[in-house]
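entry.cif (mmCIF, C-alpha atoms and all ligand atoms)
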```cif
data_run
#
loop_
_atom_site.label_atom_id
_atom_site.label_comp_id
_atom_site.auth_asym_id
_atom_site.auth_seq_id
_atom_site.Cartn_x
_atom_site.Cartn_y
_atom_site.Cartn_z
CA MET A 19 -212.43 210.51 59.31
CA ILE A 20 -211.53 207.20 60.98
CA ASP A 21 -207.83 206.43 60.85
CA LEU A 22 -207.56 202.65 60.39
CA ASN A 23 -203.86 202.47 59.58
CA HIS A 24 -201.86 200.04 61.68
CA GLY A 25 -199.87 201.83 64.31
CA SER A 26 -201.68 205.11 63.88
CA GLY A 27 -202.18 205.30 67.63
CA ALA A 28 -205.88 206.04 67.24
CA GLN A 29 -207.90 204.71 70.19
CA TYR A 30 -211.49 203.55 69.76
CA LEU A 31 -214.06 202.51 72.28
CA PRO A 32 -214.99 198.76 72.15
CA PRO A 33 -218.21 198.07 70.19
CA ARG A 34 -221.34 198.68 72.22
CA ALA A 35 -223.30 195.51 73.02
CA LEU A 36 -226.59 195.73 71.13
CA PRO A 37 -229.80 194.08 72.26
CA ASP A 38 -230.60 190.64 70.82
CA ILE A 39 -232.84 191.33 67.85
CA THR A 40 -233.78 187.73 66.97
CA ALA A 41 -237.01 187.66 68.95
CA ALA A 42 -238.19 191.02 67.62
CA LEU A 43 -237.32 190.13 64.03
CA CYS A 44 -238.99 186.71 64.16
CA ALA A 45 -242.09 188.23 65.75
CA VAL A 46 -242.65 190.60 62.83
CA ILE A 47 -241.82 187.95 60.22
CA ASP A 48 -244.17 185.49 61.87
CA SER A 49 -247.01 187.96 62.18
CA GLY A 50 -246.63 188.69 58.45
CA LEU A 51 -246.73 184.98 57.66
CA THR A 52 -249.75 184.42 59.90
CA ALA A 53 -251.58 187.33 58.26
CA ARG A 54 -250.80 185.95 54.81
CA GLN A 55 -252.05 182.53 55.84
CA GLY A 56 -255.24 184.12 57.18
CA ARG A 57 -255.89 185.76 53.80
CA GLU A 58 -255.69 182.44 51.96
CA ARG A 59 -259.04 181.04 50.96
CA PRO A 60 -259.67 177.67 52.57
CA ARG A 61 -259.85 174.72 50.18
CA SER A 62 -263.39 173.69 49.40
CA TYR A 63 -262.57 170.31 47.89
CA VAL A 64 -261.09 166.97 48.88
CA SER A 65 -257.43 167.30 48.01
CA SER A 66 -255.45 164.42 46.57
CA SER A 67 -252.54 165.50 48.75
CA GLY A 68 -254.21 164.40 51.97
CA LEU A 69 -256.37 161.54 50.82
CA GLY A 70 -253.87 158.90 51.89
CA ARG A 71 -254.13 159.94 55.54
CA ALA A 72 -255.34 157.18 57.84
CA CYS A 73 -258.61 158.68 59.11
CA LEU A 74 -261.54 159.44 56.82
CA ARG A 75 -263.19 161.62 59.45
CA GLN A 76 -260.07 163.78 59.59
CA ILE A 77 -260.18 164.15 55.79
CA GLN A 78 -263.86 165.06 56.06
CA TYR A 79 -263.19 167.77 58.69
CA ASP A 80 -260.57 169.18 56.36
CA TYR A 81 -262.90 169.09 53.33
CA LEU A 82 -265.70 170.80 55.25
CA THR A 83 -263.20 173.43 56.53
CA VAL A 84 -264.29 172.65 60.07
CA PRO A 85 -262.30 174.96 62.40
CA LYS A 86 -259.31 173.23 63.93
CA ASP A 87 -259.01 172.86 67.71
CA LYS A 88 -257.60 175.85 69.56
CA GLY A 89 -253.85 176.08 69.08
CA GLN A 90 -253.85 173.61 66.17
CA GLU A 91 -253.47 176.12 63.33
CA PHE A 92 -250.10 175.90 61.56
CA ALA A 93 -247.40 177.59 63.64
CA PRO A 94 -245.42 180.28 61.79
CA ARG A 95 -242.33 178.09 61.87
CA THR A 96 -244.29 175.34 60.11
CA LEU A 97 -245.37 177.87 57.47
CA ARG A 98 -241.69 178.71 56.94
CA ILE A 99 -240.87 175.01 56.54
CA PHE A 100 -243.69 174.63 53.98
CA GLU A 101 -242.41 177.57 51.99
CA ALA A 102 -238.84 176.26 52.06
CA GLY A 103 -240.22 172.96 50.77
CA HIS A 104 -241.97 174.66 47.84
CA ARG A 105 -238.84 176.56 46.96
CA GLY A 106 -236.82 173.35 47.16
CA GLU A 107 -239.19 171.81 44.62
CA ASP A 108 -238.68 174.81 42.31
CA MET A 109 -234.92 174.36 42.60
CA VAL A 110 -235.10 170.70 41.61
CA ALA A 111 -237.34 171.62 38.65
CA GLY A 112 -234.68 174.12 37.54
CA TRP A 113 -231.92 171.52 37.89
CA LEU A 114 -233.89 168.99 35.85
CA ARG A 115 -234.44 171.50 33.05
CA GLN A 116 -230.80 172.49 33.11
CA ALA A 117 -229.90 168.80 32.80
CA GLY A 118 -231.92 168.58 29.59
CA PHE A 119 -235.35 167.34 30.72
CA ASP A 120 -238.40 168.78 29.04
CA LEU A 121 -240.37 169.35 32.22
CA ARG A 122 -243.78 171.01 32.06
CA THR A 123 -244.92 172.41 35.37
CA GLU A 124 -247.57 174.92 34.41
CA ARG A 125 -250.04 175.89 31.73
CA PRO A 126 -249.53 178.97 29.55
CA ASP A 127 -251.69 180.95 32.02
CA GLY A 128 -249.38 180.00 34.91
CA ARG A 129 -251.76 177.55 36.58
CA GLN A 130 -250.54 174.11 37.63
CA PHE A 131 -251.70 171.05 35.70
CA GLY A 132 -254.21 168.99 37.58
CA PHE A 133 -257.55 167.24 37.62
CA SER A 134 -260.97 168.00 38.94
CA ALA A 135 -263.66 165.38 39.63
CA LEU A 136 -266.99 165.07 41.45
CA GLY A 137 -268.14 168.44 40.17
CA GLY A 138 -265.01 170.20 41.41
CA ARG A 139 -265.21 168.70 44.90
CA PHE A 140 -262.19 166.44 44.41
CA LYS A 141 -259.05 167.97 42.95
CA GLY A 142 -255.32 167.50 42.65
CA HIS A 143 -252.46 169.50 41.17
CA ILE A 144 -249.29 167.89 39.91
CA ASP A 145 -245.72 169.09 40.30
CA GLY A 146 -245.03 168.38 36.66
CA CYS A 147 -244.87 166.12 33.66
CA LEU A 148 -241.60 164.98 32.08
CA VAL A 149 -242.04 164.90 28.32
CA SER A 150 -238.49 163.85 27.45
CA GLY A 151 -235.08 163.79 29.03
CA PRO A 152 -231.50 162.55 29.01
CA VAL A 153 -232.15 159.61 31.39
CA PRO A 154 -233.54 156.37 29.91
CA MET A 155 -237.06 155.99 31.30
CA ALA A 156 -240.56 155.94 29.80
CA TYR A 157 -241.95 159.32 28.78
CA PRO A 158 -244.24 161.12 29.35
CA ALA A 159 -244.02 160.56 33.08
CA LEU A 160 -245.49 162.23 36.12
CA TRP A 161 -242.96 164.11 38.23
CA GLU A 162 -243.67 164.33 41.95
CA SER A 163 -241.21 166.21 44.11
CA LYS A 164 -240.79 166.70 47.85
CA ALA A 165 -238.23 168.48 49.99
CA LEU A 166 -237.78 166.60 53.25
CA GLY A 167 -235.97 167.04 56.55
CA ALA A 168 -232.92 164.83 57.00
CA SER A 169 -234.46 161.97 58.99
CA SER A 170 -237.58 161.79 56.82
CA TRP A 171 -235.39 161.84 53.71
CA LYS A 172 -233.16 159.03 55.04
CA ASP A 173 -236.21 156.93 55.84
CA THR A 174 -237.53 157.44 52.30
CA VAL A 175 -234.19 156.39 50.83
CA LYS A 176 -234.10 153.31 53.06
CA ARG A 177 -237.66 152.05 52.58
CA GLY A 178 -238.78 153.65 49.31
CA VAL A 179 -241.63 156.11 48.87
CA THR A 180 -244.47 153.58 48.83
CA VAL A 181 -243.62 152.13 52.23
CA ALA A 182 -242.12 155.18 53.93
CA LYS A 183 -244.62 157.74 52.61
CA PRO A 184 -247.96 156.12 51.77
CA VAL A 185 -249.63 159.55 51.58
CA TYR A 186 -247.29 160.52 48.74
CA ALA A 187 -247.76 157.13 47.06
CA ALA A 188 -251.53 157.69 47.12
CA GLN A 189 -251.07 161.10 45.54
CA ILE A 190 -248.84 159.68 42.81
CA ALA A 191 -251.27 156.87 41.94
CA LEU A 192 -254.19 159.33 41.72
CA TYR A 193 -252.29 161.70 39.45
CA GLN A 194 -251.15 158.88 37.18
CA ALA A 195 -254.76 157.74 36.87
CA TYR A 196 -256.53 161.06 36.48
CA LEU A 197 -253.92 162.64 34.21
CA ASP A 198 -253.53 159.48 32.16
CA LEU A 199 -249.80 159.10 32.82
CA PRO A 200 -249.48 155.34 33.38
CA SER A 201 -245.68 155.14 32.90
CA PRO A 202 -243.67 154.88 36.11
CA ALA A 203 -243.64 158.27 37.83
CA LEU A 204 -240.37 159.96 38.74
CA PHE A 205 -240.39 160.76 42.45
CA THR A 206 -237.61 163.02 43.69
CA ALA A 207 -236.89 163.90 47.30
CA LEU A 208 -234.50 166.71 48.17
CA ASN A 209 -232.75 166.55 51.53
CA ARG A 210 -233.38 170.05 52.89
CA ASP A 211 -230.26 169.91 55.06
CA THR A 212 -227.67 168.45 52.69
CA GLN A 213 -229.26 169.10 49.24
CA GLU A 214 -228.81 165.41 48.36
CA ILE A 215 -231.34 164.11 45.84
CA TYR A 216 -233.09 160.75 46.01
CA ALA A 217 -234.97 159.58 42.92
CA GLU A 218 -237.25 156.62 42.42
CA LEU A 219 -239.44 155.35 39.59
CA VAL A 220 -242.87 154.48 40.93
CA PRO A 221 -244.96 152.01 38.89
CA PHE A 222 -248.63 152.82 38.44
CA ASP A 223 -250.73 151.15 41.14
CA ALA A 224 -254.24 151.10 39.66
CA ALA A 225 -255.77 149.43 42.74
CA LEU A 226 -254.37 152.14 45.01
CA ALA A 227 -255.67 154.88 42.70
CA GLN A 228 -259.12 153.28 42.70
CA HIS A 229 -259.12 152.89 46.47
CA MET A 230 -258.15 156.53 46.98
CA SER A 231 -260.72 157.72 44.46
CA ASP A 232 -263.37 155.69 46.30
CA ARG A 233 -262.35 157.37 49.56
CA ALA A 234 -262.87 160.79 47.97
CA VAL A 235 -266.36 159.74 46.87
CA GLN A 236 -267.08 158.49 50.40
CA VAL A 237 -266.06 161.82 51.94
CA VAL A 238 -268.11 163.89 49.51
CA ARG A 239 -271.21 161.68 49.73
CA ALA A 240 -271.19 161.50 53.53
CA SER A 241 -270.77 165.27 53.70
CA ASP A 242 -273.67 165.82 51.28
CA ALA A 243 -275.78 163.59 53.51
CA GLN A 244 -274.54 165.48 56.61
CA GLU A 245 -273.16 162.25 58.04
CA LEU A 246 -269.96 162.19 60.04
CA LEU A 247 -267.65 159.44 58.84
CA PRO A 248 -266.44 156.91 61.43
CA ARG A 249 -263.31 157.48 63.45
CA GLU A 250 -260.25 155.55 62.40
CA ALA A 251 -259.23 155.04 66.03
CA ALA A 252 -261.00 153.42 68.97
CA GLU A 253 -259.34 155.62 71.59
CA PRO A 254 -258.24 159.27 71.68
CA THR A 255 -254.83 158.04 72.82
CA SER A 256 -254.27 156.29 69.48
CA VAL A 257 -251.25 157.58 67.57
CA VAL A 258 -253.53 158.37 64.62
CA CYS A 259 -255.16 161.00 66.87
CA LYS A 260 -252.40 162.20 69.15
CA GLY A 261 -249.55 161.80 66.65
CA GLY A 262 -246.56 159.50 66.61
CA MET A 263 -245.18 156.40 64.91
CA ALA A 264 -247.35 153.33 64.39
CA ALA A 265 -246.45 150.32 62.24
CA GLY A 266 -243.55 152.21 60.73
CA HIS A 267 -245.64 155.24 59.74
CA TRP A 268 -245.59 158.75 61.14
CA HIS A 269 -248.94 160.34 61.96
CA PRO A 270 -249.06 164.06 62.72
CA PRO A 271 -251.34 164.97 65.64
CA CYS A 272 -254.94 165.38 64.49
CA ALA A 273 -255.96 169.04 64.49
CA TRP A 274 -259.60 168.15 65.26
CA ALA A 275 -258.98 165.62 68.06
CA GLN A 276 -260.87 167.52 70.77
CA ARG A 277 -263.86 168.16 68.55
CA CYS A 278 -263.85 164.57 67.33
CA TRP A 279 -263.82 162.97 70.76
CA ARG A 280 -266.44 165.42 72.09
CA ALA A 281 -268.82 164.11 69.43
CA GLU A 282 -271.12 161.33 70.57
CA ARG A 283 -269.75 158.84 68.11
S1 LIG B 1 -259.18 162.51 66.47
FE1 LIG B 1 -258.59 160.55 65.60
S2 LIG B 1 -260.47 159.55 65.01
FE2 LIG B 1 -260.93 161.71 65.33
S3 LIG B 1 -260.77 162.67 63.33
FE3 LIG B 1 -258.80 162.87 64.29
S4 LIG B 1 -257.63 161.07 63.64
FE4 LIG B 1 -259.77 160.66 63.23
#
```

Rewrite the coordinates I just gave you, this time as structure tokens.
Ligand code: SF4
Amino acid sequence: MIDLNHGSGAQYLPPRALPDITAALCAVIDSGLTARQGRERPRSYVSSSGLGRACLRQIQYDYLTVPKDKGQEFAPRTLRIFEAGHRGEDMVAGWLRQAGFDLRTERPDGRQFGFSALGGRFKGHIDGCLVSGPVPMAYPALWESKALGASSWKDTVKRGVTVAKPVYAAQIALYQAYLDLPSPALFTALNRDTQEIYAELVPFDAALAQHMSDRAVQVVRASDAQELLPREAAEPTSVVCKGGMAAGHWHPPCAWAQRCWRAER
């Protein structure tokens, strides 16, 4: 038995240095995540979540599940960030319910509420609907929730969701239209680093919803006709293609850039 009493005189060898296990651990976690991602069925519809992106051709590649360029699949670390985001949204939903909101996030069968249009080729799924609550606002209201990294969160607080995150604003407008929830939507953003919450009421923008819906129709019709939609950019060096900030908006690098610029037009 080990004698741990102070002054017992027992002598122990210093702890043995063990090999760094981080790399080995992350490798097995990441291969599990990659395998799980590989088992997921690709989406076969235009999703409301990406319809506000700048380039229609990019949205079309996504809709047609065209393989991404080599090395452009989501990295395991990105998959971890996505999952943390989803869990952050679940936490905020729990906090809202605890605060007294009647928040509906899923149907009795566990599926999310959503809409389906164009024969199932255009779909969207909402985070939830607030039926009543302790804060004075119009009910029922759409609830849209995001968990953001610190700098993205700060930018959203500073400029508001419509200006800072037009892709989210497009999503919100579409949901308000298709789910017939015209009251201002409650947008919440959780700071993933500090757990601060930003909330904003977003009025229904019918023109934006119509414009986004028209884009979905454009993507589906062009795809049916086997036509490639035009590029948004004139050069492959455009930030829309290679990623970066332009006119105050962040564009992630396009995952089909090589394929796109290999095409004749
Ligand atoms: S590379 Fe640029 S133009 Fe081509 S699909 Fe991507 S974003 Fe659009």

Any chance you could tabulate, as CSV, the residues of chain A at most 7 Å from ligand LIG 1 (chain B) with each one's nearest atom pair and distance in Å to one decimal, using all atoms listed in the file, in chain and rising number order?
```
residue,atom,partner,partner_atom,distance
A:Cys73,CA,B:LIG1,FE4,4.7
A:Leu74,CA,B:LIG1,FE4,6.8
A:Arg75,CA,B:LIG1,S3,4.7
A:Gln76,CA,B:LIG1,S3,4.0
A:Arg249,CA,B:LIG1,S2,3.8
A:Glu250,CA,B:LIG1,S2,4.8
A:Ala251,CA,B:LIG1,S2,4.8
A:Pro254,CA,B:LIG1,S1,6.2
A:Val258,CA,B:LIG1,S4,5.0
A:Cys259,CA,B:LIG1,FE1,3.7
A:Cys272,CA,B:LIG1,FE3,4.6
A:Ala273,CA,B:LIG1,FE3,6.8
A:Trp274,CA,B:LIG1,FE3,5.4
A:Ala275,CA,B:LIG1,S1,3.5
A:Gln276,CA,B:LIG1,S1,6.8
A:Cys278,CA,B:LIG1,FE2,4.6
A:Trp279,CA,B:LIG1,FE2,6.3
```

My list of candidates is A:Ala168, A:Leu208, A:Ala35, A:Met155. Which is closest to Val110 in chain A when distances are computed with all atoms listed in the file?
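That would be A:Leu208, the residue with the smallest distance to Val110 in chain A.
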
Nearest candidate to Arg105 in chain A (options A:Met263, A:Leu226, A:Val235, A:Leu166; using only C-alpha atoms)
A:Leu166

Sel. within 10 Å of pt (-261.0, 171.6, 41.2), counting all atoms listed in the file, output as a ChimeraX atom specification
/A:61-65,132-143

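Of the listed residues (A:Ala117, A:Ile190, A:Leu97, A:Leu36), A:Ala117 comes nearest to Pro152 in chain A; the distances count only C-alpha atoms.
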
Atom pair CA of Ser67 in chain A / CA of Leu192 in chain A: separation (Å)
9.5 Å

Can you tell me which residues surround Asp242 in chain A at a distance of at most 12 Å, considering only C-alpha atoms, apart from same-chain residues fewer than 3 positions away, and format the answer as a count of residues only?
13

Using only C-alpha atoms, list the residues that have an atom at most 10 Å from (-248.8, 151.1, 60.5), coordinates as in the file, as a PyMOL selection string.
chain A and resi 72+181+257-258+263-269

Can you tell me how far CA of Phe131 in chain A sits from CA of Ser163 in chain A, in Å to one decimal?
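Computing the Euclidean distance for CA of Phe131 in chain A and CA of Ser163 in chain A yields 14.3 Å.
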
Identify, on the basis of only C-alpha atoms, every residue whose closest approach to range 37-51 of chain A does not exceed 12 Å; exclude the query and any residue fewer than 3 positions from it along the same chain; express the result as JSON, numbers by chain.
{"A": [34, 54, 55, 56, 57, 58, 92, 93, 94, 95, 96, 97, 98, 99, 100, 101]}

In Å to one decimal, how far is CA of Glu91 in chain A from CA of Lys260 in chain A?
15.1 Å

As a PyMOL selection string, please: the residues near range 211-220 of chain A (cut-off 7 Å, all atoms listed in the file, same-chain neighbours under 6 positions excluded).
chain A and resi 167-168+175+202-205

Determine, counting all atoms listed in the file, which protein, DNA and RNA residues have an atom within 12 Å of an atom of Ala224 in chain A; residues of the same chain fewer than 4 positions away are not included. Present the result as a list in words.
Ala187, Ala188, Ile190, Ala191, Leu192, Tyr193, Gln194, Ala195, Tyr196, Asp198, Leu199, Pro200, Ser201, Pro202, Val220, Gln228, His229, Met230 and Ser231 of chain A

Out of A:Glu253, A:Asp120, A:Glu162, A:Asp108, which residue has the shortest atom-to-atom distance to Val149 in chain A when counting all atoms listed in the file?
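Among A:Glu253, A:Asp120, A:Glu162, A:Asp108, it is A:Asp120 that comes nearest to Val149 in chain A.
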
I'd like to know which of A:Asp80, A:Gly146, A:Phe119, A:Ala165 is closest to His104 in chain A, using all atoms listed in the file.
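Going through A:Asp80, A:Gly146, A:Phe119, A:Ala165 one by one, the smallest distance to His104 in chain A is for A:Ala165.
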
Please reconstruct the missing atoms of range 270-281 of chain A (target: all heavy atoms) and return them as a CSV table (one decimal), in the frame of the given file.
```csv
chain,number,residue,atom,x,y,z
A,270,PRO,N,-249.1,162.8,62.0
A,270,PRO,CA,-249.1,164.1,62.7
A,270,PRO,C,-250.3,164.1,63.7
A,270,PRO,O,-251.3,163.5,63.4
A,270,PRO,CB,-249.2,165.1,61.6
A,270,PRO,CG,-249.7,164.4,60.4
A,270,PRO,CD,-249.4,162.9,60.6
A,271,PRO,N,-250.2,164.9,64.7
A,271,PRO,CA,-251.3,165.0,65.6
A,271,PRO,C,-252.6,165.5,64.9
A,271,PRO,O,-252.4,166.4,64.0
A,271,PRO,CB,-250.9,166.0,66.7
A,271,PRO,CG,-249.4,166.2,66.5
A,271,PRO,CD,-249.1,165.7,65.1
A,272,CYS,N,-253.7,165.0,65.2
A,272,CYS,CA,-254.9,165.4,64.5
A,272,CYS,C,-255.4,166.8,65.0
A,272,CYS,O,-255.5,167.0,66.2
A,272,CYS,CB,-256.1,164.4,64.7
A,272,CYS,SG,-257.6,164.9,63.9
A,273,ALA,N,-255.6,167.7,64.1
A,273,ALA,CA,-256.0,169.0,64.5
A,273,ALA,C,-257.4,169.2,64.9
A,273,ALA,O,-257.8,170.3,65.4
A,273,ALA,CB,-255.7,170.0,63.3
A,274,TRP,N,-258.2,168.1,64.8
A,274,TRP,CA,-259.6,168.2,65.3
A,274,TRP,C,-259.9,167.2,66.4
A,274,TRP,O,-261.0,166.8,66.6
A,274,TRP,CB,-260.5,167.8,64.1
A,274,TRP,CG,-260.4,168.8,63.0
A,274,TRP,CD1,-261.2,169.9,62.8
A,274,TRP,CD2,-259.5,168.7,61.8
A,274,TRP,NE1,-260.8,170.6,61.7
A,274,TRP,CE2,-259.8,169.9,61.1
A,274,TRP,CE3,-258.6,167.9,61.4
A,274,TRP,CZ2,-259.1,170.2,59.9
A,274,TRP,CZ3,-257.9,168.2,60.2
A,274,TRP,CH2,-258.2,169.3,59.5
A,275,ALA,N,-258.8,166.7,67.1
A,275,ALA,CA,-259.0,165.6,68.1
A,275,ALA,C,-260.0,166.0,69.2
A,275,ALA,O,-260.9,165.1,69.5
A,275,ALA,CB,-257.6,165.3,68.7
A,276,GLN,N,-259.9,167.2,69.7
A,276,GLN,CA,-260.9,167.5,70.8
A,276,GLN,C,-262.3,167.5,70.3
A,276,GLN,O,-263.2,166.9,70.9
A,276,GLN,CB,-260.5,168.9,71.3
A,276,GLN,CG,-259.3,168.8,72.2
A,276,GLN,CD,-258.9,170.2,72.7
A,276,GLN,OE1,-259.7,171.1,72.8
A,276,GLN,NE2,-257.6,170.4,73.0
A,277,ARG,N,-262.5,168.1,69.1
A,277,ARG,CA,-263.9,168.2,68.6
A,277,ARG,C,-264.4,166.7,68.3
A,277,ARG,O,-265.5,166.4,68.6
A,277,ARG,CB,-263.8,168.9,67.2
A,277,ARG,CG,-265.1,168.9,66.5
A,277,ARG,CD,-265.0,169.6,65.1
A,277,ARG,NE,-264.7,171.0,65.3
A,277,ARG,CZ,-265.6,172.0,65.4
A,277,ARG,NH1,-266.8,171.7,65.4
A,277,ARG,NH2,-265.2,173.2,65.5
A,278,CYS,N,-263.5,165.9,67.7
A,278,CYS,CA,-263.8,164.6,67.3
A,278,CYS,C,-264.3,163.8,68.5
A,278,CYS,O,-265.3,163.1,68.5
A,278,CYS,CB,-262.7,163.9,66.6
A,278,CYS,SG,-262.9,162.1,66.4
A,279,TRP,N,-263.5,163.8,69.6
A,279,TRP,CA,-263.8,163.0,70.8
A,279,TRP,C,-264.9,163.6,71.7
A,279,TRP,O,-265.4,162.9,72.6
A,279,TRP,CB,-262.5,162.6,71.5
A,279,TRP,CG,-261.7,161.7,70.7
A,279,TRP,CD1,-260.7,162.0,69.9
A,279,TRP,CD2,-262.0,160.3,70.5
A,279,TRP,NE1,-260.2,160.8,69.2
A,279,TRP,CE2,-261.0,159.8,69.6
A,279,TRP,CE3,-262.9,159.4,71.0
A,279,TRP,CZ2,-260.9,158.4,69.2
A,279,TRP,CZ3,-262.8,158.0,70.6
A,279,TRP,CH2,-261.9,157.6,69.7
A,280,ARG,N,-265.3,164.8,71.4
A,280,ARG,CA,-266.4,165.4,72.1
A,280,ARG,C,-267.7,164.9,71.4
A,280,ARG,O,-268.8,164.9,72.0
A,280,ARG,CB,-266.4,167.0,72.0
A,280,ARG,CG,-265.6,167.6,73.1
A,280,ARG,CD,-266.0,169.1,73.3
A,280,ARG,NE,-266.0,169.8,72.0
A,280,ARG,CZ,-265.0,170.6,71.6
A,280,ARG,NH1,-263.9,170.7,72.3
A,280,ARG,NH2,-265.1,171.2,70.4
A,281,ALA,N,-267.6,164.6,70.1
A,281,ALA,CA,-268.8,164.1,69.4
A,281,ALA,C,-269.3,162.8,70.0
A,281,ALA,O,-268.5,162.0,70.6
A,281,ALA,CB,-268.5,163.9,68.0
```
